[in-house]
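Note sheet for the following structure.
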Amino acid sequence: MKRIYVNEKWCLGCHLCEYECAFANSGMTDMAKALKGKEIHPKIRVEDGADGIHFAVNCRHCSDPICVRSCIAGALSRNADGMVEIDKNKCVGCFTCVLVCPYGAIMPDADGHAAQKCELCTRNLCGEPNCVAHCPNRAIVYEDRG
Amino acid sequence: MAKYVIIGNSTAAVNCVESIRSIDREGDILLVSDEKHFTYGRPLISYLLYGKTDPERMKYRPDDWYEVNKVQFKAGVRATKIDAKKKNIELSTGEKVPYEKLLVATGSRPFVPPMPGLEQVKEQYSFMTMDDALKIGKTFQKEDNVLIIGAGLIGLKCLEGIRGRVRKVTVVDMANRILPSILDEEGSAIVQKYLEEKQGVEFLLGDSAAEFTGKNAVTLKSGKQLTFDRLVLAVGVRPNVELVQDAGGECNRGICTDGTGKTSLPDVYAAGDCALSHDIAAGVDRVLALLPNAALQGRTAGINMAGGTAVFDKAVPMNAMGLFDLHMITAGVYEGECYEEKADGKYKKLFYQDDRLKGFILIGDVARAGIYTSLLRNATPLSSVDFEMLEKAPALAAFSADYRKEKLTQRV
Ligand SMILES: Cc1cc2nc3c(=O)[nH]c(=O)nc-3n(C[C@H](O)[C@H](O)[C@H](O)COP(=O)(O)OP(=O)(O)OC[C@H]3O[C@@H](n4cnc5c(N)ncnc54)[C@H](O)[C@@H]3O)c2cc1C
Ligand code: SF4
Ligand code: SF4
């Protein structure tokens, strides 16, 4: 299955992917309308470390996802392709998944009542990861690496 | 004859079935449960009363789960005995069911210590099952005064569930603070204050029921007298070990297993709240009544029952808990040196010792807590990460470039 992988050396720390993620999941087609003046809640986050280190982190779509095992509601599952999905309708916002994800890749959503995570833009208008499509320096790629 | 027999229909059982099926697609699986419901997330019973979910959405797995996994489900049937020599179990129907491999995933039940006069109280409830929650939902009235005995996780989740449905809730606990199993004293005080001020809950701590003096009245040890319309008993739980114990299996409060889920009885496994875990934070074997732990134990047992190999001997006590939008995430033990941050609506403590993170408490801001949990689970030497950076916020930037390469540039 294709997943998002990180090339830390090439990340400029521009945080564009965060905006592209928020836009992709806004359900809107006009970026300015979707994001301008709004606090964004992207599912990918760029970390800015010491010594000019930058890199983006989102769900790794783990082979044996600890979040799926730990979810108290059965709201998280791994689909046939191996993508880890969230059923927001079932999620009760207990954040046990936040407690266990070793990458900090699942988080409370905008209103804090449920969890949100990267689903590789399969459930929005983009169909493929919008963050990757718009990364100016190929610091994140969408590839099958086994 | 069913190759695999499983007693229980909850987290440990479900994860066991899925793991068996990852190895053995065909071997017959029979699941026996005294609860009749489709498998549901037990912790959701408070969210049901709170109005955040309903029985349909509480289903722990998709509607076709039993079919897809080829599980024969005997609902509403109790296992009454294990005959470890003949390798069969006896059911409440009188039937005897042979097994090749047996999983005991019987969970726990409410524990009610003897309290004088308790038998007079008609409106007595416990809070463990879907049926308990449905009953409370049906009977509790707007004008009711409710008394909850127990200020632990279950008592307070019940409080959250019923607060909006009744006039007043009073919580009594022998301990002098709330949630002692997951918070330190200061943390308990913060959450207590929040519940008192924001939700108008009355706490009577360091006190306990001395005697029930009528169907609606109790006298506390302190001499204080209370009346109530409904009583919820959430004092504690006891693991359901009897089936294994009576069959001669080793138990020590919980069912003893080796790291593979095997009990001391041949071909009998145990997982979940009925079984002991090896708690690496406290360094002792104890029952960790937590859903993720039940899932991991169930998985381990399932793999081994189906002939694979898996070991789970590194459990960590950990908890995510919300009460009326105040979230807290905690893990490990609160020993050693402490880094702390306190600000309005936020409370954070990290405990460390001997180059390891020992435990943490986060109230209010829980973002990315799993990065801290991973330090605990992996017993990561703190000298190998930038702990000063981690103190401020969980971040992968605090780990080595090699660690990030391993985790972010290949499949994990
Ligand atoms: C109100 C509440 C809130 C909770 N909140 C959280 C939370 O937020 N996070 C968390 O991690 N954990 C929470 N827990 C704990 C969590 O529910 C348990 O850790 C988890 O359900 C354990 O799963 P299990 O499979 O071991 O057993 P259980 O869920 O206890 O299921 C065992 C099943 O076996 C059945 N059974 C027992 N004996 C027999 C028999 N002899 N024959 C047939 N059937 C039998 C029982 O009726 C039951 O259905 C909560 C628990 C409660 C009650
Ligand atoms: S949310 Fe975290 S634990 Fe779950 S699949 Fe993604 S990276 Fe893995
Ligand atoms: S927050 Fe939602 S997805 Fe995460 S563990 Fe709780 S119920 Fe599951």
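Chain labels run A, B, ... following the order of the structure tokens; each chain numbers its residues from 1, and ligands are numbered from 1 in the order shown.
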
Throw together the list of residues within 7 Å of ligand 1, counting only C-alpha atoms and all ligand atoms, and drop it here as a PDB file with C-alpha atoms, in the first residue's frame.
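Saved as part_27.pdb:
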ATOM      1  CA  ILE A  72     -12.683   1.779  23.334  1.00  0.00           C
ATOM      2  CA  CYS A  94     -12.104   9.581  24.953  1.00  0.00           C
ATOM      3  CA  THR A  96      -7.287   6.697  24.344  1.00  0.00           C
TER       4      THR A  96
ATOM      5  CA  ILE B   7     -15.716 -17.467  27.507  1.00  0.00           C
ATOM      6  CA  GLY B   8     -16.597 -13.775  27.255  1.00  0.00           C
ATOM      7  CA  ASN B   9     -17.671 -11.545  24.394  1.00  0.00           C
ATOM      8  CA  SER B  10     -15.847  -8.333  25.083  1.00  0.00           C
ATOM      9  CA  THR B  11     -12.503  -6.744  24.262  1.00  0.00           C
ATOM     10  CA  ALA B  12     -10.192  -9.621  25.175  1.00  0.00           C
ATOM     11  CA  ALA B  13     -12.434 -12.181  23.469  1.00  0.00           C
ATOM     12  CA  VAL B  32     -20.031 -18.100  25.162  1.00  0.00           C
ATOM     13  CA  SER B  33     -21.265 -15.039  26.994  1.00  0.00           C
ATOM     14  CA  ASP B  34     -23.779 -14.409  29.712  1.00  0.00           C
ATOM     15  CA  GLU B  35     -24.409 -10.915  28.358  1.00  0.00           C
ATOM     16  CA  GLY B  41     -17.425  -1.147  24.053  1.00  0.00           C
ATOM     17  CA  ARG B  42     -17.929  -1.491  27.784  1.00  0.00           C
ATOM     18  CA  PRO B  43     -16.532   1.965  28.612  1.00  0.00           C
ATOM     19  CA  LEU B  44     -19.196   3.460  26.359  1.00  0.00           C
ATOM     20  CA  ILE B  45     -21.975   2.870  28.854  1.00  0.00           C
ATOM     21  CA  SER B  46     -21.301   6.251  30.434  1.00  0.00           C
ATOM     22  CA  VAL B  77     -25.311 -18.551  28.399  1.00  0.00           C
ATOM     23  CA  ARG B  78     -22.999 -18.839  31.363  1.00  0.00           C
ATOM     24  CA  ALA B  79     -20.007 -21.125  31.680  1.00  0.00           C
ATOM     25  CA  THR B  80     -20.282 -22.766  35.083  1.00  0.00           C
ATOM     26  CA  ALA B 105     -11.978 -13.716  29.117  1.00  0.00           C
ATOM     27  CA  THR B 106     -14.498 -13.273  31.878  1.00  0.00           C
ATOM     28  CA  GLY B 107     -13.561  -9.750  32.933  1.00  0.00           C
ATOM     29  CA  SER B 108     -14.598  -8.483  36.317  1.00  0.00           C
ATOM     30  CA  PHE B 127     -22.376   0.438  36.641  1.00  0.00           C
ATOM     31  CA  MET B 128     -20.602  -2.234  34.663  1.00  0.00           C
ATOM     32  CA  THR B 129     -22.799  -3.415  31.842  1.00  0.00           C
ATOM     33  CA  LEU B 153     -12.959   5.806  37.422  1.00  0.00           C
ATOM     34  CA  ILE B 154     -16.248   3.948  37.273  1.00  0.00           C
ATOM     35  CA  LYS B 157     -17.777   8.093  34.636  1.00  0.00           C
ATOM     36  CA  CYS B 158     -21.209   7.212  36.011  1.00  0.00           C
ATOM     37  CA  ASN B 240     -13.842 -13.245  37.624  1.00  0.00           C
ATOM     38  CA  LEU B 243     -13.776 -20.826  36.799  1.00  0.00           C
ATOM     39  CA  ALA B 271      -6.824 -12.506  29.001  1.00  0.00           C
ATOM     40  CA  GLY B 272      -8.281  -9.160  29.987  1.00  0.00           C
ATOM     41  CA  ASP B 273      -9.596  -7.891  33.285  1.00  0.00           C
ATOM     42  CA  CYS B 274      -9.736 -11.380  34.808  1.00  0.00           C
ATOM     43  CA  ALA B 289      -8.440  -3.220  34.267  1.00  0.00           C
ATOM     44  CA  LEU B 290      -7.923  -1.282  31.049  1.00  0.00           C
ATOM     45  CA  LEU B 291      -9.335  -1.855  27.635  1.00  0.00           C
ATOM     46  CA  PRO B 292      -6.099  -1.512  25.615  1.00  0.00           C
ATOM     47  CA  ALA B 294      -7.335  -6.461  27.503  1.00  0.00           C
ATOM     48  CA  ASN B 319      -5.494   5.938  31.030  1.00  0.00           C
ATOM     49  CA  ALA B 320      -7.313   8.494  28.958  1.00  0.00           C
ATOM     50  CA  MET B 321     -10.304   9.938  30.688  1.00  0.00           C
TER      51      MET B 321
END

Using only C-alpha atoms and all ligand atoms, which residues of the polymer chains come no farther than 8 Å from ligand 3? I'd like the answer as an mmCIF file with N, CA, C and O atoms, in the first residue's frame.
data_model
loop_
_atom_site.group_PDB
_atom_site.id
_atom_site.type_symbol
_atom_site.label_atom_id
_atom_site.label_comp_id
_atom_site.auth_asym_id
_atom_site.auth_seq_id
_atom_site.Cartn_x
_atom_site.Cartn_y
_atom_site.Cartn_z
ATOM 1 N N CYS A 67 -3.384 2.095 18.001
ATOM 2 C CA CYS A 67 -4.590 2.915 18.188
ATOM 3 C C CYS A 67 -5.849 2.086 17.954
ATOM 4 O O CYS A 67 -6.838 2.216 18.677
ATOM 5 N N VAL A 68 -5.797 1.223 16.931
ATOM 6 C CA VAL A 68 -6.955 0.389 16.619
ATOM 7 C C VAL A 68 -7.214 -0.578 17.766
ATOM 8 O O VAL A 68 -8.335 -0.750 18.231
ATOM 9 N N SER A 70 -6.517 -0.159 20.791
ATOM 10 C CA SER A 70 -6.835 0.519 22.047
ATOM 11 C C SER A 70 -8.159 1.249 22.030
ATOM 12 O O SER A 70 -8.673 1.614 23.089
ATOM 13 N N CYS A 71 -8.694 1.491 20.857
ATOM 14 C CA CYS A 71 -9.924 2.286 20.770
ATOM 15 C C CYS A 71 -11.038 1.612 21.560
ATOM 16 O O CYS A 71 -11.334 0.441 21.349
ATOM 17 N N ILE A 72 -11.654 2.365 22.463
ATOM 18 C CA ILE A 72 -12.683 1.779 23.334
ATOM 19 C C ILE A 72 -14.013 1.604 22.599
ATOM 20 O O ILE A 72 -14.908 0.948 23.095
ATOM 21 N N ALA A 73 -14.124 2.201 21.421
ATOM 22 C CA ALA A 73 -15.409 2.207 20.731
ATOM 23 C C ALA A 73 -15.423 1.367 19.457
ATOM 24 O O ALA A 73 -16.457 1.241 18.820
ATOM 25 N N GLY A 74 -14.283 0.824 19.093
ATOM 26 C CA GLY A 74 -14.225 0.153 17.792
ATOM 27 C C GLY A 74 -14.388 1.155 16.665
ATOM 28 O O GLY A 74 -14.825 0.820 15.573
ATOM 29 N N ALA A 75 -14.024 2.410 16.924
ATOM 30 C CA ALA A 75 -14.182 3.459 15.907
ATOM 31 C C ALA A 75 -13.005 3.478 14.938
ATOM 32 O O ALA A 75 -13.120 4.010 13.844
ATOM 33 N N LEU A 76 -11.890 2.922 15.351
ATOM 34 C CA LEU A 76 -10.723 2.863 14.484
ATOM 35 C C LEU A 76 -10.604 1.460 13.914
ATOM 36 O O LEU A 76 -10.834 0.476 14.611
ATOM 37 N N ILE A 86 -10.988 6.151 10.651
ATOM 38 C CA ILE A 86 -11.771 6.464 11.842
ATOM 39 C C ILE A 86 -13.232 6.648 11.466
ATOM 40 O O ILE A 86 -13.551 7.300 10.477
ATOM 41 N N ASP A 87 -14.097 6.025 12.241
ATOM 42 C CA ASP A 87 -15.532 6.209 12.072
ATOM 43 C C ASP A 87 -15.968 7.233 13.116
ATOM 44 O O ASP A 87 -16.177 6.913 14.271
ATOM 45 N N LYS A 88 -16.106 8.461 12.663
ATOM 46 C CA LYS A 88 -16.389 9.571 13.587
ATOM 47 C C LYS A 88 -17.737 9.421 14.277
ATOM 48 O O LYS A 88 -17.968 9.963 15.359
ATOM 49 N N LYS A 90 -18.863 6.752 15.480
ATOM 50 C CA LYS A 90 -18.719 5.875 16.649
ATOM 51 C C LYS A 90 -17.827 6.480 17.715
ATOM 52 O O LYS A 90 -17.937 6.155 18.894
ATOM 53 N N CYS A 91 -16.903 7.330 17.286
ATOM 54 C CA CYS A 91 -15.930 7.893 18.227
ATOM 55 C C CYS A 91 -16.636 8.705 19.302
ATOM 56 O O CYS A 91 -17.527 9.492 19.016
ATOM 57 N N VAL A 92 -16.210 8.511 20.554
ATOM 58 C CA VAL A 92 -16.806 9.279 21.655
ATOM 59 C C VAL A 92 -15.837 10.313 22.221
ATOM 60 O O VAL A 92 -16.143 10.985 23.201
ATOM 61 N N GLY A 93 -14.649 10.416 21.612
ATOM 62 C CA GLY A 93 -13.714 11.448 22.055
ATOM 63 C C GLY A 93 -13.072 11.171 23.410
ATOM 64 O O GLY A 93 -12.836 12.099 24.186
ATOM 65 N N CYS A 94 -12.747 9.902 23.670
ATOM 66 C CA CYS A 94 -12.104 9.581 24.953
ATOM 67 C C CYS A 94 -10.600 9.864 24.888
ATOM 68 O O CYS A 94 -9.943 10.015 25.898
ATOM 69 N N PHE A 95 -10.057 9.844 23.681
ATOM 70 C CA PHE A 95 -8.635 10.100 23.396
ATOM 71 C C PHE A 95 -7.677 9.038 23.927
ATOM 72 O O PHE A 95 -6.500 9.302 24.187
ATOM 73 N N THR A 96 -8.182 7.818 24.047
ATOM 74 C CA THR A 96 -7.287 6.697 24.344
ATOM 75 C C THR A 96 -6.306 6.512 23.185
ATOM 76 O O THR A 96 -5.147 6.139 23.390
ATOM 77 N N CYS A 97 -6.759 6.833 21.981
ATOM 78 C CA CYS A 97 -5.867 6.735 20.812
ATOM 79 C C CYS A 97 -4.725 7.745 20.920
ATOM 80 O O CYS A 97 -3.591 7.459 20.531
ATOM 81 N N VAL A 98 -5.021 8.932 21.455
ATOM 82 C CA VAL A 98 -3.985 9.951 21.647
ATOM 83 C C VAL A 98 -2.971 9.457 22.691
ATOM 84 O O VAL A 98 -1.766 9.687 22.567
ATOM 85 N N ILE A 106 -2.509 11.212 15.960
ATOM 86 C CA ILE A 106 -3.978 11.272 16.013
ATOM 87 C C ILE A 106 -4.310 12.285 17.089
ATOM 88 O O ILE A 106 -3.613 12.359 18.110
ATOM 89 N N PRO A 108 -7.282 15.404 18.855
ATOM 90 C CA PRO A 108 -8.654 15.913 18.955
ATOM 91 C C PRO A 108 -8.984 16.764 17.719
ATOM 92 O O PRO A 108 -8.110 17.450 17.198
ATOM 93 N N ALA A 114 -14.214 14.665 19.165
ATOM 94 C CA ALA A 114 -13.867 13.379 18.556
ATOM 95 C C ALA A 114 -12.409 13.462 18.132
ATOM 96 O O ALA A 114 -11.807 14.533 18.139
ATOM 97 N N ALA A 115 -11.864 12.315 17.754
ATOM 98 C CA ALA A 115 -10.481 12.300 17.287
ATOM 99 C C ALA A 115 -10.471 12.491 15.774
ATOM 100 O O ALA A 115 -11.468 12.260 15.093
ATOM 101 N N GLN A 116 -9.346 12.939 15.245
ATOM 102 C CA GLN A 116 -9.173 13.001 13.797
ATOM 103 C C GLN A 116 -7.791 12.474 13.444
ATOM 104 O O GLN A 116 -6.859 12.523 14.244
#

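Near chain A, within 7 Å and counting only C-alpha atoms, the residues of chain B are Gly41, Pro43, Leu44, Lys52, Arg57, Met58, Tyr60, Arg61, Leu291, Pro292, Ala295, Asn319, Ala320, Met321, Gly322, Ile329, Ala367, Arg368, Ala369, Gly370, Ile371, Thr373, Ser374, Ala397, Leu408, Thr409, Gln410, Arg411 and Val412 of chain B.
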
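Residue neighbourhood of Asn25 in chain A, excluding near-sequence residues (fewer than 6 positions): Glu18, Tyr19, Met31, Ala34, Leu35, Ile40, His41, Pro42, Lys43, Ile44, Asp109, Ala110, Gln116, Lys117, Cys118, Glu119, Leu120, Cys121, Thr122, Arg123, Asn124, Leu125, Cys126, Gly127, Glu128, Pro129, Asn130 and Cys131 of chain A, at 12 Å, using only C-alpha atoms.
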
With N, CA and C atoms kept, could you save the residues just selected as a PDB file, in the first residue's frame?
ATOM      1  N   GLU A  18       0.407  21.699   6.081  1.00  0.00           N
ATOM      2  CA  GLU A  18      -0.636  21.845   7.097  1.00  0.00           C
ATOM      3  C   GLU A  18      -1.842  22.580   6.513  1.00  0.00           C
ATOM      4  N   TYR A  19      -1.550  23.636   5.752  1.00  0.00           N
ATOM      5  CA  TYR A  19      -2.643  24.393   5.132  1.00  0.00           C
ATOM      6  C   TYR A  19      -3.343  23.568   4.061  1.00  0.00           C
ATOM      7  N   MET A  31      -9.623  28.096  -1.531  1.00  0.00           N
ATOM      8  CA  MET A  31      -8.707  28.004  -0.395  1.00  0.00           C
ATOM      9  C   MET A  31      -8.822  29.219   0.525  1.00  0.00           C
ATOM     10  N   ALA A  34     -11.847  28.948   2.555  1.00  0.00           N
ATOM     11  CA  ALA A  34     -11.759  27.841   3.509  1.00  0.00           C
ATOM     12  C   ALA A  34     -10.865  28.188   4.705  1.00  0.00           C
ATOM     13  N   LEU A  35      -9.793  28.923   4.476  1.00  0.00           N
ATOM     14  CA  LEU A  35      -8.778  29.055   5.521  1.00  0.00           C
ATOM     15  C   LEU A  35      -8.544  30.465   6.064  1.00  0.00           C
ATOM     16  N   ILE A  40      -6.486  26.694  11.912  1.00  0.00           N
ATOM     17  CA  ILE A  40      -6.556  25.427  11.189  1.00  0.00           C
ATOM     18  C   ILE A  40      -6.276  24.243  12.125  1.00  0.00           C
ATOM     19  N   HIS A  41      -6.848  23.109  11.763  1.00  0.00           N
ATOM     20  CA  HIS A  41      -6.669  21.873  12.543  1.00  0.00           C
ATOM     21  C   HIS A  41      -6.232  20.745  11.620  1.00  0.00           C
ATOM     22  N   PRO A  42      -5.018  20.854  11.081  1.00  0.00           N
ATOM     23  CA  PRO A  42      -4.575  19.869  10.099  1.00  0.00           C
ATOM     24  C   PRO A  42      -4.265  18.516  10.746  1.00  0.00           C
ATOM     25  N   LYS A  43      -4.268  17.481   9.925  1.00  0.00           N
ATOM     26  CA  LYS A  43      -3.965  16.132  10.400  1.00  0.00           C
ATOM     27  C   LYS A  43      -2.491  15.804  10.174  1.00  0.00           C
ATOM     28  N   ILE A  44      -1.795  16.717   9.546  1.00  0.00           N
ATOM     29  CA  ILE A  44      -0.340  16.587   9.414  1.00  0.00           C
ATOM     30  C   ILE A  44       0.255  17.783  10.136  1.00  0.00           C
ATOM     31  N   ASP A 109     -10.217  16.694  17.246  1.00  0.00           N
ATOM     32  CA  ASP A 109     -10.600  17.504  16.090  1.00  0.00           C
ATOM     33  C   ASP A 109     -10.937  18.931  16.529  1.00  0.00           C
ATOM     34  N   ALA A 110     -11.388  19.736  15.579  1.00  0.00           N
ATOM     35  CA  ALA A 110     -11.567  21.167  15.847  1.00  0.00           C
ATOM     36  C   ALA A 110     -12.427  21.442  17.084  1.00  0.00           C
ATOM     37  N   GLN A 116      -9.346  12.939  15.245  1.00  0.00           N
ATOM     38  CA  GLN A 116      -9.173  13.001  13.797  1.00  0.00           C
ATOM     39  C   GLN A 116      -7.791  12.474  13.444  1.00  0.00           C
ATOM     40  N   LYS A 117      -7.671  11.947  12.253  1.00  0.00           N
ATOM     41  CA  LYS A 117      -6.390  11.442  11.782  1.00  0.00           C
ATOM     42  C   LYS A 117      -6.341  11.459  10.266  1.00  0.00           C
ATOM     43  N   CYS A 118      -5.151  11.355   9.739  1.00  0.00           N
ATOM     44  CA  CYS A 118      -4.954  11.327   8.293  1.00  0.00           C
ATOM     45  C   CYS A 118      -5.555  10.051   7.699  1.00  0.00           C
ATOM     46  N   GLU A 119      -6.366  10.218   6.679  1.00  0.00           N
ATOM     47  CA  GLU A 119      -6.909   9.075   5.947  1.00  0.00           C
ATOM     48  C   GLU A 119      -6.503   9.183   4.481  1.00  0.00           C
ATOM     49  N   LEU A 120      -5.337   9.789   4.261  1.00  0.00           N
ATOM     50  CA  LEU A 120      -4.721   9.873   2.937  1.00  0.00           C
ATOM     51  C   LEU A 120      -5.630  10.524   1.894  1.00  0.00           C
ATOM     52  N   CYS A 121      -6.474  11.429   2.355  1.00  0.00           N
ATOM     53  CA  CYS A 121      -7.392  12.163   1.454  1.00  0.00           C
ATOM     54  C   CYS A 121      -8.311  11.233   0.662  1.00  0.00           C
ATOM     55  N   THR A 122      -8.543  10.029   1.188  1.00  0.00           N
ATOM     56  CA  THR A 122      -9.432   9.107   0.487  1.00  0.00           C
ATOM     57  C   THR A 122     -10.894   9.460   0.719  1.00  0.00           C
ATOM     58  N   ARG A 123     -11.145  10.280   1.736  1.00  0.00           N
ATOM     59  CA  ARG A 123     -12.547  10.564   2.042  1.00  0.00           C
ATOM     60  C   ARG A 123     -12.887  12.030   1.818  1.00  0.00           C
ATOM     61  N   ASN A 124     -12.049  12.727   1.071  1.00  0.00           N
ATOM     62  CA  ASN A 124     -12.417  14.090   0.705  1.00  0.00           C
ATOM     63  C   ASN A 124     -12.325  14.229  -0.817  1.00  0.00           C
ATOM     64  N   LEU A 125     -12.459  15.432  -1.291  1.00  0.00           N
ATOM     65  CA  LEU A 125     -12.545  15.641  -2.744  1.00  0.00           C
ATOM     66  C   LEU A 125     -11.239  15.334  -3.471  1.00  0.00           C
ATOM     67  N   CYS A 126     -10.119  15.291  -2.717  1.00  0.00           N
ATOM     68  CA  CYS A 126      -8.814  15.148  -3.380  1.00  0.00           C
ATOM     69  C   CYS A 126      -8.552  13.724  -3.870  1.00  0.00           C
ATOM     70  N   GLY A 127      -8.887  12.739  -3.048  1.00  0.00           N
ATOM     71  CA  GLY A 127      -8.664  11.351  -3.443  1.00  0.00           C
ATOM     72  C   GLY A 127      -7.253  10.848  -3.209  1.00  0.00           C
ATOM     73  N   GLU A 128      -6.278  11.739  -3.292  1.00  0.00           N
ATOM     74  CA  GLU A 128      -4.879  11.385  -2.996  1.00  0.00           C
ATOM     75  C   GLU A 128      -4.305  12.483  -2.119  1.00  0.00           C
ATOM     76  N   PRO A 129      -3.258  12.176  -1.342  1.00  0.00           N
ATOM     77  CA  PRO A 129      -2.786  13.155  -0.344  1.00  0.00           C
ATOM     78  C   PRO A 129      -2.471  14.541  -0.924  1.00  0.00           C
ATOM     79  N   ASN A 130      -3.218  15.506  -0.486  1.00  0.00           N
ATOM     80  CA  ASN A 130      -3.080  16.867  -0.979  1.00  0.00           C
ATOM     81  C   ASN A 130      -1.808  17.529  -0.440  1.00  0.00           C
ATOM     82  N   CYS A 131      -1.384  17.108   0.741  1.00  0.00           N
ATOM     83  CA  CYS A 131      -0.154  17.664   1.314  1.00  0.00           C
ATOM     84  C   CYS A 131       1.031  17.313   0.416  1.00  0.00           C
TER      85      CYS A 131
END

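Distances to ligand 2 were evaluated for A:Val132, A:Cys14, A:Ala22, A:Val84 using only C-alpha atoms and all ligand atoms, and the minimum falls at A:Val84.
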
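Across the model, the gap from CA of Arg25 in chain B to CA of Gly82 in chain A is 18.9 Å.
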